>>> print(open('my_file.cif').read())   # mmCIF, C-alpha atoms and all ligand atoms
data_upload
#
loop_
_atom_site.group_PDB
_atom_site.id
_atom_site.type_symbol
_atom_site.label_atom_id
_atom_site.label_comp_id
_atom_site.auth_asym_id
_atom_site.auth_seq_id
_atom_site.Cartn_x
_atom_site.Cartn_y
_atom_site.Cartn_z
ATOM 1 C CA MET A 1096 -43.944 64.746 16.559
ATOM 2 C CA ASN A 1097 -43.532 61.015 16.871
ATOM 3 C CA LYS A 1098 -41.128 59.844 19.581
ATOM 4 C CA ASP A 1099 -41.043 56.295 18.166
ATOM 5 C CA CYS A 1100 -38.784 57.372 15.315
ATOM 6 C CA ARG A 1101 -35.970 58.163 17.788
ATOM 7 C CA LYS A 1102 -33.884 55.726 19.830
ATOM 8 C CA ALA A 1103 -33.192 57.043 23.312
ATOM 9 C CA VAL A 1104 -29.581 57.539 24.353
ATOM 10 C CA ILE A 1105 -28.531 57.269 27.986
ATOM 11 C CA ALA A 1106 -25.014 58.605 28.451
ATOM 12 C CA GLY A 1107 -23.051 58.625 31.670
ATOM 13 C CA ASN A 1108 -20.793 61.612 32.175
ATOM 14 C CA TRP A 1109 -18.317 60.376 34.749
ATOM 15 C CA LYS A 1110 -16.682 63.844 34.962
ATOM 16 C CA MET A 1111 -13.342 63.685 36.865
ATOM 17 C CA ASN A 1112 -14.108 60.395 38.603
ATOM 18 C CA LYS A 1113 -12.671 56.861 38.515
ATOM 19 C CA THR A 1114 -9.170 55.591 37.871
ATOM 20 C CA PRO A 1115 -8.473 52.991 35.167
ATOM 21 C CA ALA A 1116 -8.738 50.179 37.726
ATOM 22 C CA GLU A 1117 -12.038 51.540 39.002
ATOM 23 C CA THR A 1118 -13.244 51.857 35.392
ATOM 24 C CA THR A 1119 -12.791 48.124 34.876
ATOM 25 C CA GLY A 1120 -14.810 47.408 38.007
ATOM 26 C CA LEU A 1121 -17.652 49.781 37.187
ATOM 27 C CA ILE A 1122 -18.041 48.673 33.575
ATOM 28 C CA ASN A 1123 -17.839 44.976 34.436
ATOM 29 C CA ASP A 1124 -20.576 45.463 37.035
ATOM 30 C CA LEU A 1125 -22.688 47.405 34.555
ATOM 31 C CA LYS A 1126 -22.441 45.001 31.616
ATOM 32 C CA PRO A 1127 -24.858 42.292 32.818
ATOM 33 C CA LEU A 1128 -27.344 44.849 34.154
ATOM 34 C CA ILE A 1129 -27.867 46.634 30.860
ATOM 35 C CA LYS A 1130 -27.156 43.919 28.296
ATOM 36 C CA ASN A 1131 -30.774 43.893 27.081
ATOM 37 C CA ALA A 1132 -31.150 47.675 26.957
ATOM 38 C CA GLY A 1133 -33.662 48.999 24.464
ATOM 39 C CA CYS A 1134 -31.776 52.290 24.206
ATOM 40 C CA ASP A 1135 -28.217 53.250 23.312
ATOM 41 C CA VAL A 1136 -25.850 53.314 26.269
ATOM 42 C CA VAL A 1137 -22.686 55.421 26.357
ATOM 43 C CA VAL A 1138 -20.098 55.982 29.075
ATOM 44 C CA CYS A 1139 -18.119 59.217 28.792
ATOM 45 C CA VAL A 1140 -15.022 58.664 30.875
ATOM 46 C CA PRO A 1141 -11.873 60.685 31.686
ATOM 47 C CA TYR A 1142 -9.186 60.556 28.974
ATOM 48 C CA VAL A 1143 -6.935 58.249 30.990
ATOM 49 C CA ASP A 1144 -9.762 55.714 31.321
ATOM 50 C CA LEU A 1145 -10.649 55.576 27.624
ATOM 51 C CA GLN A 1146 -8.376 52.683 26.665
ATOM 52 C CA THR A 1147 -9.586 50.587 29.590
ATOM 53 C CA ALA A 1148 -13.223 51.443 28.839
ATOM 54 C CA LEU A 1149 -12.777 50.510 25.166
ATOM 55 C CA GLU A 1150 -11.256 47.157 26.102
ATOM 56 C CA CYS A 1151 -13.894 46.375 28.755
ATOM 57 C CA THR A 1152 -16.808 47.210 26.475
ATOM 58 C CA GLN A 1153 -15.627 45.245 23.446
ATOM 59 C CA GLY A 1154 -18.401 42.994 22.173
ATOM 60 C CA THR A 1155 -20.997 44.645 24.445
ATOM 61 C CA ASN A 1156 -23.765 47.176 23.835
ATOM 62 C CA ILE A 1157 -21.895 49.903 25.740
ATOM 63 C CA LYS A 1158 -20.281 52.666 23.690
ATOM 64 C CA VAL A 1159 -17.467 54.893 24.863
ATOM 65 C CA GLY A 1160 -17.198 58.665 24.799
ATOM 66 C CA ALA A 1161 -14.761 61.387 25.851
ATOM 67 C CA GLN A 1162 -15.717 64.560 27.706
ATOM 68 C CA ASN A 1163 -14.073 67.162 25.451
ATOM 69 C CA CYS A 1164 -11.732 67.504 22.486
ATOM 70 C CA HIS A 1165 -9.543 70.228 20.983
ATOM 71 C CA TRP A 1166 -10.398 71.799 17.638
ATOM 72 C CA GLU A 1167 -6.971 71.346 15.998
ATOM 73 C CA LYS A 1168 -5.684 67.969 14.809
ATOM 74 C CA SER A 1169 -2.282 68.405 16.439
ATOM 75 C CA GLY A 1170 0.160 71.104 17.482
ATOM 76 C CA ALA A 1171 1.535 73.126 20.379
ATOM 77 C CA PHE A 1172 -1.444 72.842 22.726
ATOM 78 C CA THR A 1173 0.014 71.465 25.926
ATOM 79 C CA GLY A 1174 -2.396 69.281 27.836
ATOM 80 C CA GLU A 1175 -4.980 69.040 25.064
ATOM 81 C CA ILE A 1176 -6.352 66.020 23.162
ATOM 82 C CA SER A 1177 -7.568 66.175 19.556
ATOM 83 C CA ALA A 1178 -10.669 64.635 18.053
ATOM 84 C CA SER A 1179 -8.557 62.654 15.591
ATOM 85 C CA MET A 1180 -6.572 61.114 18.468
ATOM 86 C CA LEU A 1181 -9.811 60.014 20.113
ATOM 87 C CA LYS A 1182 -11.201 58.672 16.879
ATOM 88 C CA GLU A 1183 -8.078 56.613 16.210
ATOM 89 C CA MET A 1184 -8.455 54.978 19.623
ATOM 90 C CA GLY A 1185 -11.982 53.911 18.708
ATOM 91 C CA VAL A 1186 -13.870 56.506 20.734
ATOM 92 C CA GLN A 1187 -17.230 57.126 19.067
ATOM 93 C CA TYR A 1188 -18.787 59.895 21.170
ATOM 94 C CA VAL A 1189 -17.595 63.177 22.649
ATOM 95 C CA ILE A 1190 -19.333 65.617 24.964
ATOM 96 C CA ILE A 1191 -18.850 69.207 23.817
ATOM 97 C CA GLY A 1192 -19.785 72.444 25.566
ATOM 98 C CA HIS A 1193 -20.582 71.021 28.966
ATOM 99 C CA SER A 1194 -21.421 73.866 31.363
ATOM 100 C CA GLU A 1195 -18.472 72.904 33.579
ATOM 101 C CA ARG A 1196 -16.148 73.455 30.589
ATOM 102 C CA ARG A 1197 -17.866 76.744 29.842
ATOM 103 C CA THR A 1198 -17.818 77.923 33.475
ATOM 104 C CA TYR A 1199 -14.406 76.747 34.706
ATOM 105 C CA PHE A 1200 -12.289 76.283 31.579
ATOM 106 C CA GLY A 1201 -13.165 79.205 29.349
ATOM 107 C CA ASP A 1202 -15.207 77.430 26.713
ATOM 108 C CA THR A 1203 -17.293 79.909 24.724
ATOM 109 C CA ASP A 1204 -19.943 79.488 22.048
ATOM 110 C CA LEU A 1205 -17.178 79.927 19.463
ATOM 111 C CA THR A 1206 -14.825 77.312 20.913
ATOM 112 C CA VAL A 1207 -17.800 74.971 21.248
ATOM 113 C CA LYS A 1208 -18.464 75.533 17.550
ATOM 114 C CA SER A 1209 -14.820 74.747 16.655
ATOM 115 C CA ARG A 1210 -14.703 71.631 18.818
ATOM 116 C CA THR A 1211 -17.982 70.416 17.314
ATOM 117 C CA ARG A 1212 -16.563 70.934 13.826
ATOM 118 C CA ALA A 1213 -13.398 68.970 14.655
ATOM 119 C CA ALA A 1214 -15.339 66.101 16.226
ATOM 120 C CA LEU A 1215 -17.633 65.810 13.196
ATOM 121 C CA ASP A 1216 -14.672 65.979 10.823
ATOM 122 C CA SER A 1217 -13.196 63.021 12.700
ATOM 123 C CA GLY A 1218 -16.417 61.045 12.344
ATOM 124 C CA MET A 1219 -17.444 61.099 15.986
ATOM 125 C CA THR A 1220 -20.908 61.697 17.384
ATOM 126 C CA VAL A 1221 -21.169 64.888 19.429
ATOM 127 C CA ILE A 1222 -23.214 65.237 22.596
ATOM 128 C CA LEU A 1223 -23.673 68.994 22.437
ATOM 129 C CA CYS A 1224 -24.589 70.584 25.764
ATOM 130 C CA VAL A 1225 -26.629 73.737 26.153
ATOM 131 C CA GLY A 1226 -28.409 75.265 29.110
ATOM 132 C CA GLU A 1227 -29.049 78.372 31.135
ATOM 133 C CA TYR A 1228 -27.795 79.643 34.499
ATOM 134 C CA LEU A 1229 -30.311 80.211 37.267
ATOM 135 C CA GLU A 1230 -30.130 84.024 36.843
ATOM 136 C CA GLN A 1231 -30.939 83.625 33.163
ATOM 137 C CA ARG A 1232 -33.984 81.497 33.949
ATOM 138 C CA GLU A 1233 -35.073 84.071 36.505
ATOM 139 C CA GLN A 1234 -34.660 86.821 33.916
ATOM 140 C CA ASP A 1235 -36.852 84.760 31.611
ATOM 141 C CA ILE A 1236 -34.199 84.510 28.890
ATOM 142 C CA THR A 1237 -33.772 80.711 28.915
ATOM 143 C CA PHE A 1238 -34.894 80.228 25.322
ATOM 144 C CA GLU A 1239 -32.782 83.127 24.096
ATOM 145 C CA VAL A 1240 -29.685 81.651 25.759
ATOM 146 C CA ILE A 1241 -30.253 78.152 24.385
ATOM 147 C CA SER A 1242 -31.039 79.531 20.967
ATOM 148 C CA THR A 1243 -27.792 81.532 20.785
ATOM 149 C CA GLN A 1244 -25.725 78.579 22.036
ATOM 150 C CA LEU A 1245 -27.237 76.262 19.431
ATOM 151 C CA LYS A 1246 -27.179 78.648 16.490
ATOM 152 C CA ILE A 1247 -23.458 79.273 16.959
ATOM 153 C CA ALA A 1248 -22.497 75.649 17.685
ATOM 154 C CA LEU A 1249 -24.424 74.355 14.667
ATOM 155 C CA ASP A 1250 -23.394 77.161 12.337
ATOM 156 C CA SER A 1251 -21.252 74.942 10.115
ATOM 157 C CA VAL A 1252 -23.168 71.690 10.630
ATOM 158 C CA THR A 1253 -24.925 70.419 7.495
ATOM 159 C CA ASP A 1254 -28.275 68.590 7.324
ATOM 160 C CA LYS A 1255 -26.447 65.312 6.824
ATOM 161 C CA GLU A 1256 -24.039 65.901 9.695
ATOM 162 C CA LEU A 1257 -26.939 66.512 12.068
ATOM 163 C CA ASP A 1258 -27.324 62.702 12.300
ATOM 164 C CA LYS A 1259 -24.108 62.802 14.336
ATOM 165 C CA ILE A 1260 -25.386 65.394 16.799
ATOM 166 C CA ILE A 1261 -27.180 64.653 20.048
ATOM 167 C CA ILE A 1262 -28.297 67.721 21.966
ATOM 168 C CA ALA A 1263 -28.255 67.648 25.755
ATOM 169 C CA TYR A 1264 -30.337 70.276 27.506
ATOM 170 C CA GLU A 1265 -28.690 70.777 30.875
ATOM 171 C CA PRO A 1266 -29.968 73.685 32.972
ATOM 172 C CA VAL A 1267 -26.884 74.683 34.968
ATOM 173 C CA TRP A 1268 -28.890 75.161 38.172
ATOM 174 C CA ALA A 1269 -29.920 71.499 38.060
ATOM 175 C CA ILE A 1270 -26.438 70.025 37.684
ATOM 176 C CA GLY A 1271 -25.093 68.257 40.747
ATOM 177 C CA THR A 1272 -27.485 70.220 42.957
ATOM 178 C CA GLY A 1273 -30.167 67.588 43.427
ATOM 179 C CA LYS A 1274 -32.562 70.200 41.986
ATOM 180 C CA THR A 1275 -34.033 68.551 38.923
ATOM 181 C CA ALA A 1276 -35.968 70.602 36.426
ATOM 182 C CA THR A 1277 -39.576 69.481 36.587
ATOM 183 C CA ALA A 1278 -40.559 67.137 33.797
ATOM 184 C CA GLN A 1279 -42.618 70.011 32.375
ATOM 185 C CA GLN A 1280 -39.707 72.500 32.477
ATOM 186 C CA ALA A 1281 -37.362 69.981 30.868
ATOM 187 C CA ASN A 1282 -39.834 69.013 28.174
ATOM 188 C CA GLU A 1283 -40.649 72.644 27.428
ATOM 189 C CA ALA A 1284 -36.965 73.395 26.780
ATOM 190 C CA ASN A 1285 -36.492 70.250 24.696
ATOM 191 C CA LYS A 1286 -39.596 71.074 22.682
ATOM 192 C CA PHE A 1287 -38.233 74.561 22.070
ATOM 193 C CA ILE A 1288 -34.937 73.051 20.871
ATOM 194 C CA ARG A 1289 -36.758 70.690 18.514
ATOM 195 C CA HIS A 1290 -38.709 73.612 17.093
ATOM 196 C CA LEU A 1291 -35.480 75.555 16.613
ATOM 197 C CA ILE A 1292 -33.995 72.598 14.714
ATOM 198 C CA SER A 1293 -37.017 72.557 12.430
ATOM 199 C CA GLN A 1294 -36.393 76.248 11.695
ATOM 200 C CA LEU A 1295 -32.619 75.897 11.236
ATOM 201 C CA TYR A 1296 -32.906 72.656 9.230
ATOM 202 C CA ASN A 1297 -36.292 71.085 8.503
ATOM 203 C CA LYS A 1298 -39.154 69.172 10.093
ATOM 204 C CA ASP A 1299 -37.696 65.787 9.312
ATOM 205 C CA ALA A 1300 -34.396 66.691 10.999
ATOM 206 C CA ALA A 1301 -36.305 67.971 14.032
ATOM 207 C CA GLU A 1302 -38.246 64.749 14.285
ATOM 208 C CA LYS A 1303 -35.107 62.610 14.093
ATOM 209 C CA ILE A 1304 -32.722 64.480 16.398
ATOM 210 C CA VAL A 1305 -32.130 63.008 19.846
ATOM 211 C CA ILE A 1306 -32.516 65.612 22.601
ATOM 212 C CA GLN A 1307 -31.487 64.518 26.081
ATOM 213 C CA TYR A 1308 -32.118 66.085 29.448
ATOM 214 C CA GLY A 1309 -29.336 66.303 32.034
ATOM 215 C CA GLY A 1310 -29.262 67.635 35.586
ATOM 216 C CA SER A 1311 -29.796 65.487 38.674
ATOM 217 C CA MET A 1312 -31.511 62.734 36.704
ATOM 218 C CA ASN A 1313 -31.608 59.665 38.905
ATOM 219 C CA ALA A 1314 -33.272 56.293 39.409
ATOM 220 C CA SER A 1315 -36.321 57.890 41.038
ATOM 221 C CA ASN A 1316 -37.110 60.691 38.595
ATOM 222 C CA ALA A 1317 -35.973 59.065 35.322
ATOM 223 C CA ASP A 1318 -39.328 57.468 34.540
ATOM 224 C CA GLU A 1319 -41.215 60.738 34.640
ATOM 225 C CA LEU A 1320 -38.581 62.714 32.736
ATOM 226 C CA LEU A 1321 -38.075 60.071 30.065
ATOM 227 C CA SER A 1322 -41.782 59.623 29.442
ATOM 228 C CA GLN A 1323 -42.052 63.240 28.230
ATOM 229 C CA PRO A 1324 -42.646 63.505 24.477
ATOM 230 C CA ASP A 1325 -39.520 65.556 23.717
ATOM 231 C CA ILE A 1326 -37.028 63.960 26.127
ATOM 232 C CA ASP A 1327 -35.107 61.262 24.277
ATOM 233 C CA GLY A 1328 -32.648 60.168 26.894
ATOM 234 C CA GLY A 1329 -30.386 61.576 29.530
ATOM 235 C CA LEU A 1330 -26.889 62.801 30.223
ATOM 236 C CA ILE A 1331 -26.250 61.489 33.700
ATOM 237 C CA GLY A 1332 -23.579 62.732 36.100
ATOM 238 C CA GLY A 1333 -23.642 61.503 39.699
ATOM 239 C CA ALA A 1334 -26.024 58.595 39.129
ATOM 240 C CA SER A 1335 -23.827 57.186 36.343
ATOM 241 C CA LEU A 1336 -21.197 56.309 38.954
ATOM 242 C CA LYS A 1337 -23.590 53.931 40.721
ATOM 243 C CA THR A 1338 -24.198 50.902 38.542
ATOM 244 C CA GLU A 1339 -27.627 49.995 39.953
ATOM 245 C CA ASP A 1340 -28.896 53.552 39.570
ATOM 246 C CA PHE A 1341 -27.487 53.953 36.064
ATOM 247 C CA ALA A 1342 -29.004 50.600 35.059
ATOM 248 C CA SER A 1343 -32.410 51.731 36.404
ATOM 249 C CA ILE A 1344 -32.229 54.840 34.225
ATOM 250 C CA VAL A 1345 -31.308 52.712 31.204
ATOM 251 C CA LYS A 1346 -34.320 50.523 31.991
ATOM 252 C CA ALA A 1347 -36.600 53.553 32.227
ATOM 253 C CA ALA A 1348 -35.417 54.635 28.756
ATOM 254 C CA SER A 1349 -35.913 51.157 27.299
ATOM 255 C CA VAL A 1350 -39.721 51.030 27.322
HETATM 256 P P1 LIG B 1401 -25.677 65.394 37.625
HETATM 257 O O1 LIG B 1401 -26.491 64.242 37.082
HETATM 258 O O2 LIG B 1401 -24.672 64.966 38.646
HETATM 259 O O3 LIG B 1401 -26.556 66.509 38.081
HETATM 260 O O4 LIG B 1401 -24.806 65.954 36.405
HETATM 261 C C1 LIG B 1401 -25.448 66.218 35.212
HETATM 262 C C2 LIG B 1401 -24.413 66.514 34.207
HETATM 263 O O5 LIG B 1401 -23.733 67.521 34.276
HETATM 264 C C3 LIG B 1401 -24.218 65.538 33.129
HETATM 265 O O6 LIG B 1401 -23.401 66.062 32.139
#
>>> encode(input="my_file.cif", output="structure tokens")
Amino acid sequence: MNKDCRKAVIAGNWKMNKTPAETTGLINDLKPLIKNAGCDVVVCVPYVDLQTALECTQGTNIKVGAQNCHWEKSGAFTGEISASMLKEMGVQYVIIGHSERRTYFGDTDLTVKSRTRAALDSGMTVILCVGEYLEQREQDITFEVISTQLKIALDSVTDKELDKIIIAYEPVWAIGTGKTATAQQANEANKFIRHLISQLYNKDAAEKIVIQYGGSMNASNADELLSQPDIDGGLIGGASLKTEDFASIVKAASV
């Protein structure tokens, strides 16, 4: 499969970090460092930082994403935010199914499916996260786990809508632990995902879909991970909060 037909996407997942004032600072520092990026650059910020991020990134090559969305358009869902609300603000990307949402906030394969549906219906691009726990890797069921997560999440997604899906393979044991999957482990999982897409859709769709790796990607290991044939970018947690490090990762994806 030819990697040249895909544009890498480097997305920062800020998680629950940075106030609106800090958002202005971080984005303004980042802008000059990545202005010539040869990949797409997205910052997925907390809800309260979205407006600031949208204003700061206007006229730049940085796109803005949220970290979750609800599956209904509106209603009695205290504390929730809908995809249509995000879309109206101008938010173009949304992370769905992050392992922290699945582990701490009760997200399941079915809620991930509903959120994905709502985000697509609103016209946003979804960064759909999948990945196994350490015990699952040790039990040698990694591919089974990823396959189930993807089959359910993509159940209602049409061939055409797949253009608006980015898949992020994030092994849970590698998130925030400093334990990166080896480039071989990460590529093997991404290759499996691409093969699954060719079975669920077709070869052309598999060739076009962007599949990121996430989990302790940083300025030192980005080159090796991003040079793998099936790794088309990264979903970056900790290192996205340090402008120099994030910019180095963007540079590694720009070759
Ligand atoms: P870290 O890069 O901090 O390991 O986080 C990865 C992640 O969860 C991105 O969504």
>>> resolve_selection(input="my_file.cif", expression="the PyMOL selection byres (((chain A and resi 1302) around 10) and not hetatm)", output="list in words")
Met1096, Asn1097, Lys1098, Asp1099, Cys1100, Arg1101, Arg1289, His1290, Ile1292, Ser1293, Asn1297, Lys1298, Asp1299, Ala1300, Ala1301, Lys1303, Ile1304, Val1305 and Asp1325 of chain A
>>> write_last_selection(input="my_file.cif", atoms="C-alpha atoms", output="compact mmCIF listing (two decimals), keeping the file's coordinate frame")
# COMPACT_ATOMS: atom_id res chain seq x y z
CA MET A 1096 -43.94 64.75 16.56
CA ASN A 1097 -43.53 61.02 16.87
CA LYS A 1098 -41.13 59.84 19.58
CA ASP A 1099 -41.04 56.30 18.17
CA CYS A 1100 -38.78 57.37 15.32
CA ARG A 1101 -35.97 58.16 17.79
CA ARG A 1289 -36.76 70.69 18.51
CA HIS A 1290 -38.71 73.61 17.09
CA ILE A 1292 -33.99 72.60 14.71
CA SER A 1293 -37.02 72.56 12.43
CA ASN A 1297 -36.29 71.08 8.50
CA LYS A 1298 -39.15 69.17 10.09
CA ASP A 1299 -37.70 65.79 9.31
CA ALA A 1300 -34.40 66.69 11.00
CA ALA A 1301 -36.30 67.97 14.03
CA LYS A 1303 -35.11 62.61 14.09
CA ILE A 1304 -32.72 64.48 16.40
CA VAL A 1305 -32.13 63.01 19.85
CA ASP A 1325 -39.52 65.56 23.72
>>> atom_distance(input="my_file.cif", atom1="atom CA of Lys1130 of chain A", atom2="atom CA of Ala1263 of chain A")
23.9 Å
>>> atom_distance(input="my_file.cif", atom1="atom CA of Ala1276 of chain A", atom2="atom CA of Ser1209 of chain A")
29.2 Å
>>> closest_residue(input="my_file.cif", among="A:Ile1262, A:Leu1229, A:Leu1257, A:Ile1326", to="Gln1279 of chain A", atoms="only C-alpha atoms")
A:Ile1326
>>> closest_residue(input="my_file.cif", among="A:Thr1211, A:Asn1131, A:Thr1206, A:Asn1285", to="Ile1157 of chain A", atoms="all atoms listed in the file")
A:Asn1131
>>> residues_near_ligand(input="my_file.cif", ligand="ligand LIG 1401 (chain B)", cutoff="7 Å", atoms="all atoms listed in the file", output="VMD selection string")
chain A and resid 1108 1193 1265 1269 to 1273 1309 to 1312 1330 to 1334
>>> atom_distance(input="my_file.cif", atom1="atom CA of Thr1277 of chain A", atom2="atom CA of Ala1106 of chain A")
19.9 Å
>>> residues_around(input="my_file.cif", residues="Ala1278 of chain A", least_positions_apart="3", cutoff="7 Å", atoms="all atoms listed in the file", output="PyMOL selection string")
chain A and resi 1281-1282+1319-1320+1323
>>> resolve_selection(input="my_file.cif", expression="the PyMOL selection byres (((chain A and resi 1142) around 12) and not hetatm)", output="PyMOL selection string")
chain A and resi 1109-1115+1118+1138-1141+1143-1149+1159-1164+1174-1178+1180-1181+1184+1186+1189
>>> resolve_selection(input="my_file.cif", expression="the PyMOL selection byres (((chain A and resi 1317) around 9) and not hetatm)", output="list in words")
Met1312, Asn1313, Ala1314, Ser1315, Asn1316, Asp1318, Glu1319, Leu1320, Leu1321, Ser1322, Gly1329, Ser1343, Ile1344, Val1345, Ala1347 and Ala1348 of chain A
>>> residues_near_point(input="my_file.cif", point="(-34.0, 52.1, 26.2)", cutoff="10 Å", atoms="only C-alpha atoms", output="list in words")
Lys1102, Ala1103, Val1104, Ile1105, Ile1129, Asn1131, Ala1132, Gly1133, Cys1134, Asp1135, Val1136, Leu1321, Asp1327, Gly1328, Ile1344, Val1345, Lys1346, Ala1347, Ala1348, Ser1349 and Val1350 of chain A
>>> closest_residue(input="my_file.cif", among="A:Ala1342, A:Ala1213, A:Val1252, A:Val1267", to="Ser1179 of chain A", atoms="all atoms listed in the file")
A:Ala1213
>>> residues_around(input="my_file.cif", residues="Leu1125 of chain A", least_positions_apart="6", cutoff="9 Å", atoms="all atoms listed in the file", output="list in words")
Thr1338, Glu1339, Phe1341 and Ala1342 of chain A
>>> closest_residue(input="my_file.cif", among="A:Gly1226, A:Pro1127, A:Gly1107, A:Gly1218", to="Asp1258 of chain A", atoms="only C-alpha atoms")
A:Gly1218
>>> closest_residue(input="my_file.cif", among="A:Lys1337, A:Ala1284, A:Cys1151, A:Ile1261", to="Ile1191 of chain A", atoms="all atoms listed in the file")
A:Ile1261
